[in-house]
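Down below is the structure, laid out as structure tokens.
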Protein chains: 2
Amino acid sequence: MSHEHPPQSQDAFLSRLTQSIDRMPRRLRQCAEFVATHPERIAVSTVAELAAGAGVQPSAFMRFCREMGFTGFSQMQKLFRQDYAQRWPDYQTRLQSLHAQGSDSAGALLADFVEAGRLSVENLAHSVDPKSLDEAAALLSTARTIHLVGFRRAFPVVSYLSYAFEKMGVPAVLASGVGGLGTRHLFSPDDAMIAVSFAPYTEQAIELAQDASARGLPVVAITDLVTSPLMRLKSTALLVNEIEVGAFRTLSATMILAMVLAVAVGARRSGS
Amino acid sequence: MSHEHPPQSQDAFLSRLTQSIDRMPRRLRQCAEFVATHPERIAVSTVAELAAGAGVQPSAFMRFCREMGFTGFSQMQKLFRQDYAQRWPDYQTRLQSLHAQGSDSAGALLADFVEAGRLSVENLAHSVDPKSLDEAAALLSTARTIHLVGFRRAFPVVSYLSYAFEKMGVPAVLASGVGGLGTRHLFSPDDAMIAVSFAPYTEQAIELAQDASARGLPVVAITDLVTSPLMRLKSTALLVNEIEVGAFRTLSATMILAMVLAVAVGARRSGS
DNA sequence: TCATAAATAGAATATATTTTCCATTTCTTG
DNA sequence: CAAGAAATGGAAAATATATTCTATTTATGA
């Protein structure tokens, strides 16, 4: 069935893919999913490479091409090679063309933030001390419960941590700050805290961190400057410096740091 | 002469080309000129096609490749394919082998995630269509209220958007999903929605987006795959693809996209 | 102008890639 | 649970593509 005329455009191809992906058998769906994730590779890869990427045999990928209405892989590839030229430019060129659209267009904005984000991320590898990171992971992995504190710009970070910890089965509570006094009364000496705060520092976050520290909880701080109030605690500090665009700072590097921390803790927990 | 090591990048290739083009014999210069005019075709063409384009015999084109320092056409083509798409598969395999070695010290983990983040961010410049971005900003800037929908991994994104919009005085509501039916009854035709969801898609998010769309609200979707259910709505879609490390995906590129969207909307609001 | 070297075209060969085929396994359905 | 259908993996065959080889042409310089 379904072996009529082949899709004439990438749009047609993709809509057909979405339509039939649910009804596909296992291996064919693997192909479909891989193609949906990396459509740009079709033009420049061989069946063998794509099949390997999707984790199937070349013959399975062939069947996938047929199922999509093509006579074979070559025909399908031809479609993708046709308008390859449009997206050809590499990263640098692409950035320039985004900028060229005029300084107040969304494209120029995107170029600015992408560049800032890239630099921030690259910078992270230097600004974070691996020893502190190990230390932080060690502290957190032995805690009974991890309290997560962060407001305003830091809130997305802790909400991500909360999600990641839940996914890995690590007990963690988000200090919400809404509905009264929060989770302060729950602090127990064998717990630990991750406090996230950036200049200008939210008082509430600092207070909670100080409180926890006073009660003997180890505190891991994610912050931006060495002058941060969080540095005054006897805490383990992880520094991230996001590059500013206009009055805005990205969160790209910070999210990566959060993720690394979460995964490191998760690994230690399950490993031991 | 000149048969040393091959160029390692497209830039190196091009500078070498300009350098030697004057000293080349006729047919070889035809090749050089054609390649200089259509560098994007190298990755997706055969020698025969390129030779025909340059008006020479395939064997002449082969000599040209040699003259440029490659062992043959295949090696040269590889360079042009790598710069475009081949970073990803290389990266994935490298990562798997690292994981197999069990180098799960926090430092190595950090390096991995930094690399993944950097690539994800760079890729954003390709995957997001500037036109869609402009369109999205336009739609959202005229809305009375912006409804924000996103759960699980997408929640940090919408919580950031909520923060950014508040900071800029743009009315936005977070569809919390907790405490009952949420904000669905608040949908009004002159509102708009930003829906964020990644595979495996949270049903609740999809439903809310469909509901909003059915009621005539413009929906801006931030999602990962062309097969995403959010793509089926007549919505404006922005695609972000984060590289996977182990079973985890960063949010670095996604946060940048969110930020760009927020700032673009804010600028339009205050500008008009 | 002639001798020599370089460059070229086209066919022949080697290699890579696609495509088909079929035995085996895995699902469906009565 | 058995019979049939669908799906799969692997390898063999067909095709496309890259690469080399050599006879011929074109350029170079004394």
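We label chains A, B, ... in the order they appear in the structure tokens, count residues from 1 in each chain, and number ligands from 1 in the order shown.
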With chain B as the partner and 10 Å as the cut-off, tabulate the residues of chain D that qualify, each row holding the nearest pair of atoms and their distance in Å to one decimal, using only C-alpha atoms (C1' of nucleotides), sorted by chain and rising number, as a Markdown table.
```
| residue | atom | partner | partner_atom | distance |
| --- | --- | --- | --- | --- |
| D:DA16 | C1' | B:Thr46 | CA | 10.0 |
| D:DT17 | C1' | B:Thr46 | CA | 7.3 |
| D:DA18 | C1' | B:Phe73 | CA | 7.4 |
| D:DT19 | C1' | B:Gly72 | CA | 7.8 |
| D:DT20 | C1' | B:Ser59 | CA | 9.1 |
```
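Once chain B is fitted to chain A over the full set of C-alpha atoms, matched in order, the RMSD stands at 12.9 Å.
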List the neighbours of Met231 (chain A) out to 12 Å using only C-alpha atoms (C1' of nucleotides); skip same-chain residues closer than 2 positions along the sequence, and give me the result as a compact mmCIF listing (two decimals) with C-alpha atoms, in the first residue's frame.
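Contents of selection.txt, as written:
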```txt
# COMPACT_ATOMS: atom_id res chain seq x y z
CA ALA A 195 21.22 27.78 46.25
CA VAL A 196 21.17 29.69 42.98
CA SER A 197 21.33 33.45 42.87
CA PHE A 198 22.67 36.17 40.60
CA TYR A 201 20.80 38.94 44.72
CA ILE A 206 20.41 34.54 50.59
CA ALA A 209 21.01 29.75 52.32
CA GLN A 210 22.37 31.39 55.45
CA SER A 213 24.23 26.87 56.55
CA VAL A 219 25.27 24.41 50.76
CA VAL A 220 26.26 24.29 47.11
CA ALA A 221 26.05 27.73 45.57
CA ILE A 222 25.61 28.52 41.91
CA THR A 223 26.31 32.19 41.47
CA ASP A 224 28.01 34.72 39.23
CA LEU A 225 30.57 36.80 41.07
CA VAL A 226 33.22 36.21 43.70
CA THR A 227 31.61 39.06 45.61
CA SER A 228 28.31 37.21 45.83
CA PRO A 229 26.88 36.94 49.35
CA LEU A 233 29.00 31.00 53.52
CA LYS A 234 31.34 28.11 54.02
CA SER A 235 29.77 26.71 50.95
CA THR A 236 31.04 25.06 47.83
CA ALA A 237 30.68 27.62 45.09
CA LEU A 238 30.31 27.13 41.35
CA LEU A 239 30.76 30.25 39.27
```
Fill in: Distance in Å - CA of Ala111 (chain A) versus CA of Ala199 (chain B)
26.2 Å
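Computed from the coordinates, the CA of Leu139 (chain B) to CA of Pro171 (chain B) distance equals 14.0 Å.
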Discussion item. Would you compute the distance between CA of Glu33 (chain A) and CA of Met68 (chain A)? Give it in Å to one decimal.
Written reply: 13.2 Å
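For chain C, the residues having at least one atom no farther than 9 Å from chain B, when counting only C-alpha atoms (C1' of nucleotides), are DA7, DT8, DA9 and DG10 of chain C.
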Could you write out, as a CSV table (one decimal) with N, CA and C atoms, in the first residue's frame, all the residues of region 36-134 of chain A that DSSP marks as helix (DSSP H, G or I)?
```csv
chain,number,residue,atom,x,y,z
A,36,ALA,N,13.6,12.5,11.3
A,36,ALA,CA,12.9,13.7,11.8
A,36,ALA,C,13.9,14.5,12.6
A,37,THR,N,14.8,13.9,13.3
A,37,THR,CA,15.8,14.6,14.1
A,37,THR,C,16.9,15.2,13.3
A,39,PRO,N,17.2,15.8,9.6
A,39,PRO,CA,16.8,15.8,8.2
A,39,PRO,C,17.9,16.4,7.4
A,40,GLU,N,18.8,17.2,7.9
A,40,GLU,CA,19.9,17.8,7.2
A,40,GLU,C,20.9,16.8,6.7
A,41,ARG,N,20.9,15.6,7.3
A,41,ARG,CA,22.0,14.7,7.0
A,41,ARG,C,21.7,13.9,5.8
A,42,ILE,N,20.4,13.9,5.4
A,42,ILE,CA,20.1,13.0,4.3
A,42,ILE,C,20.8,13.3,3.0
A,43,ALA,N,21.0,14.6,2.8
A,43,ALA,CA,21.6,15.1,1.5
A,43,ALA,C,23.1,14.7,1.5
A,44,VAL,N,23.8,14.5,2.6
A,44,VAL,CA,25.2,14.3,2.6
A,44,VAL,C,25.6,13.0,3.1
A,47,VAL,N,23.3,5.5,2.6
A,47,VAL,CA,22.3,4.7,3.3
A,47,VAL,C,22.9,4.0,4.5
A,48,ALA,N,24.1,3.5,4.4
A,48,ALA,CA,24.8,2.8,5.4
A,48,ALA,C,25.0,3.8,6.6
A,49,GLU,N,25.4,5.0,6.4
A,49,GLU,CA,25.6,5.9,7.5
A,49,GLU,C,24.2,6.2,8.2
A,50,LEU,N,23.2,6.5,7.4
A,50,LEU,CA,21.9,6.8,8.0
A,50,LEU,C,21.4,5.6,8.8
A,51,ALA,N,21.5,4.5,8.2
A,51,ALA,CA,21.0,3.3,8.8
A,51,ALA,C,21.7,3.1,10.2
A,52,ALA,N,23.0,3.3,10.2
A,52,ALA,CA,23.8,3.1,11.4
A,52,ALA,C,23.3,4.1,12.4
A,53,GLY,N,23.1,5.4,12.0
A,53,GLY,CA,22.6,6.4,12.9
A,53,GLY,C,21.2,6.1,13.5
A,54,ALA,N,20.4,5.4,12.7
A,54,ALA,CA,19.1,5.1,13.2
A,54,ALA,C,19.1,3.8,13.9
A,58,PRO,N,20.9,-1.4,6.6
A,58,PRO,CA,20.6,-0.7,5.4
A,58,PRO,C,19.3,-1.1,4.7
A,59,SER,N,19.1,-2.4,4.7
A,59,SER,CA,17.9,-2.8,4.0
A,59,SER,C,16.6,-2.3,4.7
A,60,ALA,N,16.7,-2.1,6.0
A,60,ALA,CA,15.5,-1.6,6.7
A,60,ALA,C,15.3,-0.1,6.2
A,61,PHE,N,16.4,0.6,6.1
A,61,PHE,CA,16.3,2.0,5.7
A,61,PHE,C,15.7,2.1,4.2
A,62,MET,N,16.1,1.1,3.4
A,62,MET,CA,15.6,1.1,2.1
A,62,MET,C,14.1,0.9,2.1
A,63,ARG,N,13.6,0.0,2.9
A,63,ARG,CA,12.2,-0.2,3.1
A,63,ARG,C,11.5,1.1,3.5
A,64,PHE,N,12.2,1.8,4.4
A,64,PHE,CA,11.6,3.1,4.8
A,64,PHE,C,11.4,4.0,3.7
A,65,CYS,N,12.5,4.1,2.8
A,65,CYS,CA,12.4,5.0,1.7
A,65,CYS,C,11.2,4.6,0.8
A,66,ARG,N,11.0,3.4,0.6
A,66,ARG,CA,9.9,2.9,-0.2
A,66,ARG,C,8.5,3.3,0.4
A,67,GLU,N,8.5,3.0,1.7
A,67,GLU,CA,7.3,3.3,2.5
A,67,GLU,C,6.9,4.8,2.3
A,73,PHE,N,16.4,4.8,-2.1
A,73,PHE,CA,17.1,5.9,-1.4
A,73,PHE,C,17.6,7.0,-2.3
A,74,SER,N,18.1,6.7,-3.4
A,74,SER,CA,18.7,7.7,-4.3
A,74,SER,C,17.6,8.7,-4.7
A,75,GLN,N,16.4,8.3,-5.0
A,75,GLN,CA,15.4,9.3,-5.3
A,75,GLN,C,15.1,10.2,-4.2
A,76,MET,N,15.0,9.6,-3.0
A,76,MET,CA,14.8,10.4,-1.8
A,76,MET,C,15.9,11.4,-1.6
A,77,GLN,N,17.1,11.0,-1.7
A,77,GLN,CA,18.2,11.8,-1.5
A,77,GLN,C,18.2,13.0,-2.5
A,78,LYS,N,17.8,12.7,-3.7
A,78,LYS,CA,17.8,13.7,-4.7
A,78,LYS,C,16.9,14.9,-4.3
A,79,LEU,N,15.8,14.6,-3.7
A,79,LEU,CA,14.9,15.6,-3.2
A,79,LEU,C,15.6,16.5,-2.2
A,80,PHE,N,16.4,15.9,-1.3
A,80,PHE,CA,17.0,16.7,-0.2
A,80,PHE,C,18.3,17.4,-0.7
A,81,ARG,N,18.8,16.9,-1.8
A,81,ARG,CA,20.0,17.6,-2.4
A,81,ARG,C,19.6,18.9,-3.1
A,82,GLN,N,18.4,18.9,-3.6
A,82,GLN,CA,18.0,20.0,-4.5
A,82,GLN,C,18.0,21.3,-3.7
A,85,ALA,N,21.5,23.8,-1.1
A,85,ALA,CA,22.3,25.0,-1.3
A,85,ALA,C,21.8,26.1,-0.3
A,86,GLN,N,20.5,26.2,-0.1
A,86,GLN,CA,19.9,27.3,0.7
A,86,GLN,C,20.4,27.3,2.1
A,87,ARG,N,20.6,26.1,2.7
A,87,ARG,CA,21.0,26.1,4.1
A,87,ARG,C,22.5,25.8,4.2
A,91,TYR,N,28.3,28.0,10.1
A,91,TYR,CA,27.9,28.8,11.3
A,91,TYR,C,28.3,30.3,11.1
A,92,GLN,N,29.5,30.5,10.8
A,92,GLN,CA,29.9,32.0,10.7
A,92,GLN,C,29.1,32.7,9.6
A,93,THR,N,29.0,32.1,8.5
A,93,THR,CA,28.3,32.8,7.4
A,93,THR,C,26.9,33.0,7.7
A,94,ARG,N,26.3,32.0,8.4
A,94,ARG,CA,24.9,32.0,8.7
A,94,ARG,C,24.7,33.2,9.7
A,95,LEU,N,25.6,33.3,10.7
A,95,LEU,CA,25.5,34.4,11.6
A,95,LEU,C,25.5,35.8,10.9
A,96,GLN,N,26.4,35.9,10.0
A,96,GLN,CA,26.5,37.2,9.3
A,96,GLN,C,25.2,37.5,8.6
A,97,SER,N,24.6,36.5,7.9
A,97,SER,CA,23.4,36.7,7.2
A,97,SER,C,22.3,37.1,8.1
A,98,LEU,N,22.3,36.5,9.3
A,98,LEU,CA,21.2,36.8,10.3
A,98,LEU,C,21.4,38.3,10.7
A,99,HIS,N,22.6,38.7,10.9
A,99,HIS,CA,22.9,40.1,11.3
A,99,HIS,C,22.4,41.0,10.2
A,106,ALA,N,14.3,40.2,14.3
A,106,ALA,CA,14.5,39.1,15.2
A,106,ALA,C,15.7,38.3,14.9
A,107,GLY,N,16.0,38.3,13.6
A,107,GLY,CA,17.2,37.5,13.2
A,107,GLY,C,18.4,38.0,13.8
A,108,ALA,N,18.6,39.3,13.7
A,108,ALA,CA,19.8,40.0,14.3
A,108,ALA,C,19.9,39.7,15.8
A,109,LEU,N,18.8,39.7,16.4
A,109,LEU,CA,18.7,39.5,17.9
A,109,LEU,C,19.1,38.0,18.1
A,110,LEU,N,18.6,37.1,17.3
A,110,LEU,CA,19.0,35.7,17.4
A,110,LEU,C,20.5,35.6,17.3
A,111,ALA,N,21.1,36.2,16.3
A,111,ALA,CA,22.5,36.1,16.1
A,111,ALA,C,23.3,36.6,17.3
A,112,ASP,N,22.9,37.7,17.9
A,112,ASP,CA,23.5,38.3,19.1
A,112,ASP,C,23.5,37.3,20.2
A,113,PHE,N,22.3,36.8,20.5
A,113,PHE,CA,22.2,35.9,21.6
A,113,PHE,C,22.9,34.6,21.4
A,114,VAL,N,22.8,34.1,20.2
A,114,VAL,CA,23.5,32.8,19.9
A,114,VAL,C,25.0,33.0,20.2
A,115,GLU,N,25.5,34.1,19.8
A,115,GLU,CA,27.0,34.3,20.0
A,115,GLU,C,27.3,34.5,21.5
A,116,ALA,N,26.4,35.2,22.2
A,116,ALA,CA,26.6,35.4,23.6
A,116,ALA,C,26.5,34.0,24.3
A,117,GLY,N,25.6,33.3,23.9
A,117,GLY,CA,25.4,32.0,24.5
A,117,GLY,C,26.6,31.1,24.3
A,118,ARG,N,27.1,31.1,23.1
A,118,ARG,CA,28.2,30.2,22.8
A,118,ARG,C,29.4,30.6,23.6
A,119,LEU,N,29.6,31.9,23.7
A,119,LEU,CA,30.8,32.3,24.5
A,119,LEU,C,30.6,32.0,26.0
A,120,SER,N,29.4,32.2,26.5
A,120,SER,CA,29.1,31.9,27.9
A,120,SER,C,29.4,30.4,28.1
A,121,VAL,N,28.9,29.6,27.2
A,121,VAL,CA,29.1,28.1,27.4
A,121,VAL,C,30.6,27.7,27.4
A,122,GLU,N,31.3,28.3,26.4
A,122,GLU,CA,32.7,28.0,26.3
A,122,GLU,C,33.5,28.4,27.6
A,123,ASN,N,33.0,29.6,28.1
A,123,ASN,CA,33.6,30.1,29.2
A,123,ASN,C,33.5,29.3,30.5
A,124,LEU,N,32.3,28.6,30.5
A,124,LEU,CA,32.0,27.7,31.6
A,124,LEU,C,33.1,26.7,32.0
A,125,ALA,N,33.7,26.2,30.9
A,125,ALA,CA,34.7,25.2,31.1
A,125,ALA,C,35.9,25.7,32.0
A,126,HIS,N,36.1,27.0,31.9
A,126,HIS,CA,37.2,27.6,32.6
A,126,HIS,C,36.7,28.1,34.0
A,127,SER,N,35.6,28.7,34.0
A,127,SER,CA,35.1,29.4,35.3
A,127,SER,C,34.8,28.4,36.4
A,130,PRO,N,36.8,22.1,38.5
A,130,PRO,CA,36.4,20.7,38.6
A,130,PRO,C,36.5,20.1,40.0
A,131,LYS,N,37.4,20.6,40.8
A,131,LYS,CA,37.5,20.1,42.2
A,131,LYS,C,36.2,20.5,42.9
A,132,SER,N,35.8,21.7,42.8
A,132,SER,CA,34.6,22.2,43.5
A,132,SER,C,33.4,21.4,43.0
A,133,LEU,N,33.4,21.1,41.8
A,133,LEU,CA,32.3,20.4,41.2
A,133,LEU,C,32.2,19.0,41.8
A,134,ASP,N,33.4,18.3,41.9
A,134,ASP,CA,33.5,17.0,42.5
A,134,ASP,C,33.0,17.0,43.9
```
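If you count only C-alpha atoms (C1' of nucleotides) and ignore residues fewer than 4 places along the chain from region 165-167 of chain A, what sits within 9 Å of it is Tyr160, Leu161, Pro171, Ala172, Ala262, Val263, Val265 and Gly266 of chain A.
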Write out the residues from the selection above, keeping N, CA and C atoms, as a compact mmCIF listing (two decimals), in the first residue's frame.
```txt
# COMPACT_ATOMS: atom_id res chain seq x y z
N TYR A 160 14.53 23.31 36.81
CA TYR A 160 15.13 22.25 36.01
C TYR A 160 15.78 21.18 36.89
N LEU A 161 16.50 21.62 37.90
CA LEU A 161 17.13 20.68 38.82
C LEU A 161 16.09 19.77 39.45
N PRO A 171 15.80 12.45 45.95
CA PRO A 171 14.82 13.26 46.67
C PRO A 171 15.24 14.73 46.72
N ALA A 172 14.40 15.59 46.20
CA ALA A 172 14.70 17.02 46.19
C ALA A 172 13.41 17.81 46.35
N ALA A 262 23.45 17.80 38.34
CA ALA A 262 22.41 16.80 38.55
C ALA A 262 22.88 15.41 38.14
N VAL A 263 23.49 15.34 36.97
CA VAL A 263 23.93 14.03 36.47
C VAL A 263 25.05 13.47 37.36
N VAL A 265 25.54 14.00 40.51
CA VAL A 265 24.94 13.52 41.76
C VAL A 265 24.20 12.21 41.53
N GLY A 266 23.42 12.18 40.46
CA GLY A 266 22.68 10.97 40.14
C GLY A 266 23.60 9.77 39.96
```
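For region 248-251 of chain A, the non-local neighbours within 9 Å, defined as residues at least 5 positions apart in the same chain or in other chains and counting only C-alpha atoms (C1' of nucleotides), are Phe113, Ala116, Gly117, Ser120, Arg153, Ala154, Pro156, Val157, Glu242, Ile243 and Ile256 of chain A; Leu251, Ser252, Met255, Ile256, Met259 and Val263 of chain B.
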Fill in: Contacts of Val158 (chain A) at 7 Å (only C-alpha atoms (C1' of nucleotides); same-chain gap of 4+ positions) as a ChimeraX atom specification
/A:148-150,154,162
Go ahead and write the selection's residues with N, CA and C atoms as a compact mmCIF listing (two decimals), in the first residue's frame.
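Output (part17.txt):
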```txt
# COMPACT_ATOMS: atom_id res chain seq x y z
N LEU A 148 16.16 22.95 47.13
CA LEU A 148 16.52 23.78 45.99
C LEU A 148 16.00 25.20 46.18
N VAL A 149 16.90 26.16 46.11
CA VAL A 149 16.50 27.54 46.35
C VAL A 149 16.94 28.42 45.18
N GLY A 150 16.00 29.18 44.66
CA GLY A 150 16.31 30.09 43.57
C GLY A 150 15.08 30.86 43.14
N ALA A 154 16.83 32.94 38.63
CA ALA A 154 17.40 31.67 39.05
C ALA A 154 16.35 30.56 39.15
N SER A 162 14.99 20.38 39.82
CA SER A 162 13.92 19.60 40.43
C SER A 162 13.45 18.49 39.48
```
